[in-house]
Amino acid sequence: MRWMRAAGRGLLVAAVLLTGHAGSGVRAQSAGPEGRGPMALVTAGDLTDYLAPLLDDWNRARPDERVTLVELPDSADETRAQMISELRSGSDRFDVLNIDVAWTSEFAAAGWISPLHRDRFPLKSFLRPVVDTATFDGRLYAVPYVTNAGLLYYRKDILEREGEKPPRTWAELSRQARTVAPGHGLDGYAGQFLPYEGLTANVTEAVHSSGGSILRDDGDRVTVDSAAAREALTFLADGVREGWIPREALRYKEEESRQAFQDGRLLFLRNWPYVYTDASAGDSKVAGKFGVVPLPGPAGPGTSVLGGSNLAVSSHSRHPASAADLIAYLTSERVQRQVLTEGSLPPVRAALYEDPELIEAHPYLPTLRKSVLSAVPRPKSPRYDQVSLAVQAVAQDVMALRQTPGEAVERLARELAAISRED
C-alpha cells in the first residue's frame with residue numbers, strides 16, 4: 001500500500017539495498033556487551049531523504065551502535081515476504097523492523113519479534129488508538145512510529161457553489177455524488193477498490209462505521225456475519241450500481257485515486273493524509289479548491305482504520321538493547337516532529353497535533369487527529385494475510401455486482417472461521 005511508503009512520499013528512506021546473504025557485510029557479527037552494538041534497520045522503500053540526517057545524528061553520537069539502513073522493495077507485499085524469509089531462516093541480519101501496523105499480530109504470534117517493556121517507552125504521550133496496533137495477546141511487541149487514518153477529500157469550491165456542506169453521512173455523500181457531481185462533469189466518489197490491502201482498509205472502515213466488526217479477540221472470534229456488515233457492503237455495492245462510484249474506481253489503488261482527484265475528475269475521495277500535500281502542489285488542478293473532513297458513516301461521522309507503521313525488535317537480534325534505544329530515539333518528540341516536517345508523515349505523538357506552528361503548516365492535522373482518535377486497527381490475526389485476502393475477494397465480488405451483500409457476508413464468515421481453525 002501507498003501508506004507503507006508514505007503519507008507524502010514514503011515511510012522511510014533507504015541508503016542501502018538488500019544484497020547478499022544473511023549477515024554479509026550489513027553489520028558486525030559479534031554480540032556487544034549487554035546486547036549492544038551495530039544494527040540494521042530494515043524498511044520498505046522510500047523516495048524521501050528525511051531519515052538519513054536523523055540516523056546520521058544517531059551514528060555520530062553512538063558510533064559503537066551505528067545503524068545501517070536496509071531498503072526492501074516499496075511494495076508492501078514484497079517487503080513483508082522478504083522480511084518473513086529472513087526471519088523464518090533464523091537470520092540475525094535485521095535488528096529493528098519497520099512493519100505495517102497490520103503485521104504486528106502475525107509477527108508476534110510467529111515469534112519473529114520480541115516483547116518490549118511498556119515502561120521503556122512514553123506510550124501515554126502517543127495518540128491513544130495507535131498503541132493498540134502494537135500489541136498482541138495483551139503484550140507490547142512494537143512501538144508506534146507513524147500513524148495514518150482515512151480522510152474524505154471534497155471539492156470545496158463546487159459544494160460552496162451549490163450551497164452544500166461536506167457530507168457527514170452516507171446518505172448525504174451518495175446524494176451529492178449522484179446529483180452534484182454530474183452537473184460539473186465529475187465522477188462522484190472513489191476509494192481504493194482494487195483487490196489489495198487498500199480494499200481491506202476501505203471495507204473495514206465501512207463495517208466499523210456501521211457499528212460492526214470483522215474479527216474480535218486477536219482473531220479468535222469471527223464477528224462479520226452481522227446487519228452492520230451487510231449495510232456496509234450494500235453502501236459500496238449501491239454506489240457502483242447507481243453510478244456514483246465509477247466502474248473505473250474498481251481498479252484504483254492509492255495513487256490512481258489520488259491522481260483522479262488531483263486531476264479534477266472526482267467530487268469526493270477517500271484517501272490518506274499524504275494526498276493533502278500532493279493536491280495542494282502548484283501543478284494540481286484542485287490546489288486551493290478542496291477541503292478535508294472525517295469519513296462519513298450511516299448516521300454521522302464514520303470510523304477510519306489505522307494505517308502507518310510500528311518499530312519492532314527482531315527476536316534474532318544480537319543487539320536488542322541498542323535496538324530498543326534506537327526505537328526510543330525514533331519515537332522521541334524531537335524526531336517525531338521531524339517525521340512530520342521533513343517527511344510529511346503523520347506522527348504518533350499527541351502533542352504535535354495541537355502545535356499552532358505545525359497546524360499552520362499542515363492544516364489537516366486537527367481533522368486527522370479527530371479521525372485517528374476514533375479509528376480502529378484492521379482485524380488482528382496471526383494469519384492476517386489470509387484474512388485480508390478473504391476480505392478483498394468477497395468485497396471485489398460485491399462491488400462487481402457478482403454477489404449480493406447478504407451472500408457475501410455469509411461467505412466471508414465461513415472463510416474467516418476456516419482460517420481461524422487453522423491456528
# chains A, B, ... in the order shown; residues from 1 in each chain; ligands from 1
>>> closest_atom_pairs(of="segment 342-387 of chain A", to="segment 111-127 of chain A", cutoff="8 Å", atoms="only C-alpha atoms", output="CSV")
residue,atom,partner,partner_atom,distance
A:Val348,CA,A:Phe126,CA,5.3
A:Arg349,CA,A:Phe126,CA,4.4
A:Ala350,CA,A:Leu127,CA,4.9
A:Ala351,CA,A:Ser125,CA,7.5
A:Val372,CA,A:Leu127,CA,7.6
A:Leu373,CA,A:Leu127,CA,6.9
>>> closest_atom_pairs(of="segment 292-367 of chain A", to="segment 58-73 of chain A", cutoff="9 Å", atoms="only C-alpha atoms", output="JSON lines")
{"residue": "A:His319", "atom": "CA", "partner": "A:Glu65", "partner_atom": "CA", "distance": 8.8}
{"residue": "A:Ser322", "atom": "CA", "partner": "A:Glu65", "partner_atom": "CA", "distance": 6.7}
{"residue": "A:Ala323", "atom": "CA", "partner": "A:Glu65", "partner_atom": "CA", "distance": 9.0}
{"residue": "A:Leu326", "atom": "CA", "partner": "A:Trp58", "partner_atom": "CA", "distance": 8.2}
{"residue": "A:Tyr329", "atom": "CA", "partner": "A:Trp58", "partner_atom": "CA", "distance": 8.3}
>>> write_last_selection(atoms="C-alpha atoms", output="compact mmCIF listing (two decimals), in the first residue's frame")
# COMPACT_ATOMS: atom_id res chain seq x y z
CA HIS A 319 21.98 -6.27 19.97
CA SER A 322 20.72 -0.96 21.23
CA ALA A 323 17.67 -1.76 19.10
CA LEU A 326 17.02 3.27 18.60
CA TYR A 329 15.09 7.72 19.70
>>> residues_around(residues="segment 205-219 of chain A", least_positions_apart="4", cutoff="10 Å", atoms="only C-alpha atoms", output="count of residues only")
57
>>> atom_distance(atom1="atom CA of Arg251 of chain A", atom2="atom CA of Val146 of chain A")
27.0 Å
>>> atom_distance(atom1="atom CA of Leu152 of chain A", atom2="atom CA of Leu269 of chain A")
5.7 Å
>>> select_by_dssp(residues="segment 260-390 of chain A", states="strand (DSSP E)", output="list in words")
Leu266, Leu267, Phe268, Leu269, Arg270, Asn271, Phe290, Gly291, Val292, Val293, Leu306, Gly307, Gly308, Ser309, Asn310, Leu311, Ala312 and Val313 of chain A
>>> write_last_selection(atoms="N, CA, C and O atoms", output="short mmCIF file (atom, residue, chain, number, x, y, z; two decimals), in the first residue's frame")
data_model
loop_
_atom_site.label_atom_id
_atom_site.label_comp_id
_atom_site.auth_asym_id
_atom_site.auth_seq_id
_atom_site.Cartn_x
_atom_site.Cartn_y
_atom_site.Cartn_z
N LEU A 266 -12.93 13.96 -9.70
CA LEU A 266 -13.75 13.41 -8.63
C LEU A 266 -14.29 14.52 -7.73
O LEU A 266 -13.60 15.50 -7.44
N LEU A 267 -15.51 14.32 -7.26
CA LEU A 267 -16.07 15.23 -6.25
C LEU A 267 -15.59 14.83 -4.85
O LEU A 267 -15.24 15.69 -4.04
N PHE A 268 -15.54 13.52 -4.59
CA PHE A 268 -15.14 13.02 -3.27
C PHE A 268 -14.08 11.92 -3.42
O PHE A 268 -14.15 11.11 -4.35
N LEU A 269 -13.17 11.88 -2.47
CA LEU A 269 -12.14 10.85 -2.44
C LEU A 269 -11.85 10.43 -1.01
O LEU A 269 -11.61 11.28 -0.14
N ARG A 270 -11.85 9.13 -0.77
CA ARG A 270 -11.33 8.60 0.49
C ARG A 270 -9.86 8.24 0.25
O ARG A 270 -9.52 7.48 -0.64
N ASN A 271 -8.96 8.83 1.07
CA ASN A 271 -7.55 8.50 0.95
C ASN A 271 -6.83 8.91 2.23
O ASN A 271 -7.46 9.39 3.17
N PHE A 290 -10.05 22.44 -2.52
CA PHE A 290 -10.58 21.26 -1.84
C PHE A 290 -10.49 21.42 -0.33
O PHE A 290 -9.77 22.28 0.21
N GLY A 291 -11.24 20.59 0.37
CA GLY A 291 -11.20 20.53 1.82
C GLY A 291 -11.13 19.09 2.26
O GLY A 291 -11.18 18.16 1.45
N VAL A 292 -11.03 18.89 3.57
CA VAL A 292 -10.93 17.54 4.11
C VAL A 292 -11.73 17.45 5.40
O VAL A 292 -11.72 18.38 6.20
N VAL A 293 -12.46 16.36 5.56
CA VAL A 293 -13.28 16.12 6.74
C VAL A 293 -13.16 14.65 7.12
O VAL A 293 -12.68 13.84 6.33
N LEU A 306 -6.71 2.44 11.16
CA LEU A 306 -5.39 2.99 11.40
C LEU A 306 -4.40 2.42 10.39
O LEU A 306 -4.30 1.21 10.22
N GLY A 307 -3.71 3.30 9.74
CA GLY A 307 -2.60 2.89 8.90
C GLY A 307 -1.30 3.22 9.61
O GLY A 307 -1.27 3.49 10.81
N GLY A 308 -0.21 3.21 8.88
CA GLY A 308 1.06 3.56 9.46
C GLY A 308 1.95 2.37 9.71
O GLY A 308 1.73 1.28 9.18
N SER A 309 2.97 2.58 10.55
CA SER A 309 3.92 1.51 10.80
C SER A 309 4.38 1.52 12.25
O SER A 309 4.31 2.54 12.94
N ASN A 310 4.84 0.36 12.70
CA ASN A 310 5.40 0.18 14.03
C ASN A 310 6.85 -0.27 13.92
O ASN A 310 7.24 -0.91 12.93
N LEU A 311 7.63 0.01 14.93
CA LEU A 311 9.01 -0.43 15.01
C LEU A 311 9.12 -1.58 16.00
O LEU A 311 8.65 -1.49 17.13
N ALA A 312 9.75 -2.68 15.57
CA ALA A 312 9.85 -3.87 16.40
C ALA A 312 11.29 -4.37 16.40
O ALA A 312 12.07 -4.10 15.48
N VAL A 313 11.64 -5.12 17.45
CA VAL A 313 12.97 -5.70 17.57
C VAL A 313 12.91 -7.16 17.15
O VAL A 313 12.10 -7.94 17.67
#
>>> residues_around(residues="Ser257 of chain A", least_positions_apart="6", cutoff="7 Å", atoms="only C-alpha atoms", output="VMD selection string")
chain A and resid 190 to 192
>>> write_last_selection(atoms="C-alpha atoms", output="short mmCIF file (atom, residue, chain, number, x, y, z; two decimals), in the first residue's frame")
data_model
loop_
_atom_site.label_atom_id
_atom_site.label_comp_id
_atom_site.auth_asym_id
_atom_site.auth_seq_id
_atom_site.Cartn_x
_atom_site.Cartn_y
_atom_site.Cartn_z
CA ALA A 190 -13.79 6.80 -5.09
CA GLY A 191 -11.66 4.97 -2.58
CA GLN A 192 -9.13 2.20 -3.08
#
>>> residues_around(residues="Leu87 of chain A", least_positions_apart="3", cutoff="8 Å", atoms="only C-alpha atoms", output="mmCIF file with N, CA, C and O atoms, in the first residue's frame")
data_model
loop_
_atom_site.group_PDB
_atom_site.id
_atom_site.type_symbol
_atom_site.label_atom_id
_atom_site.label_comp_id
_atom_site.auth_asym_id
_atom_site.auth_seq_id
_atom_site.Cartn_x
_atom_site.Cartn_y
_atom_site.Cartn_z
ATOM 1 N N MET A 83 11.004 -9.836 4.474
ATOM 2 C CA MET A 83 11.235 -9.846 5.917
ATOM 3 C C MET A 83 10.975 -11.240 6.492
ATOM 4 O O MET A 83 11.782 -11.772 7.266
ATOM 5 N N ILE A 84 9.848 -11.825 6.114
ATOM 6 C CA ILE A 84 9.491 -13.138 6.649
ATOM 7 C C ILE A 84 10.513 -14.191 6.244
ATOM 8 O O ILE A 84 10.881 -15.067 7.039
ATOM 9 N N GLY A 90 15.973 -17.718 10.585
ATOM 10 C CA GLY A 90 16.751 -17.530 11.803
ATOM 11 C C GLY A 90 17.883 -16.531 11.643
ATOM 12 O O GLY A 90 18.714 -16.381 12.535
ATOM 13 N N SER A 91 17.895 -15.814 10.517
ATOM 14 C CA SER A 91 18.952 -14.843 10.253
ATOM 15 C C SER A 91 18.921 -13.707 11.268
ATOM 16 O O SER A 91 17.860 -13.239 11.673
ATOM 17 N N ASP A 92 20.109 -13.248 11.665
ATOM 18 C CA ASP A 92 20.212 -12.086 12.548
ATOM 19 C C ASP A 92 20.578 -10.831 11.751
ATOM 20 O O ASP A 92 21.126 -9.876 12.278
ATOM 21 N N TRP A 112 8.679 -13.929 15.725
ATOM 22 C CA TRP A 112 9.714 -13.243 14.954
ATOM 23 C C TRP A 112 10.157 -11.939 15.588
ATOM 24 O O TRP A 112 11.222 -11.416 15.252
ATOM 25 N N SER A 314 13.725 -7.536 16.182
ATOM 26 C CA SER A 314 13.773 -8.925 15.741
ATOM 27 C C SER A 314 14.166 -9.834 16.905
ATOM 28 O O SER A 314 15.067 -9.507 17.688
ATOM 29 N N HIS A 316 15.796 -12.361 16.640
ATOM 30 C CA HIS A 316 17.135 -12.872 16.346
ATOM 31 C C HIS A 316 18.218 -11.809 16.487
ATOM 32 O O HIS A 316 19.392 -12.079 16.210
#
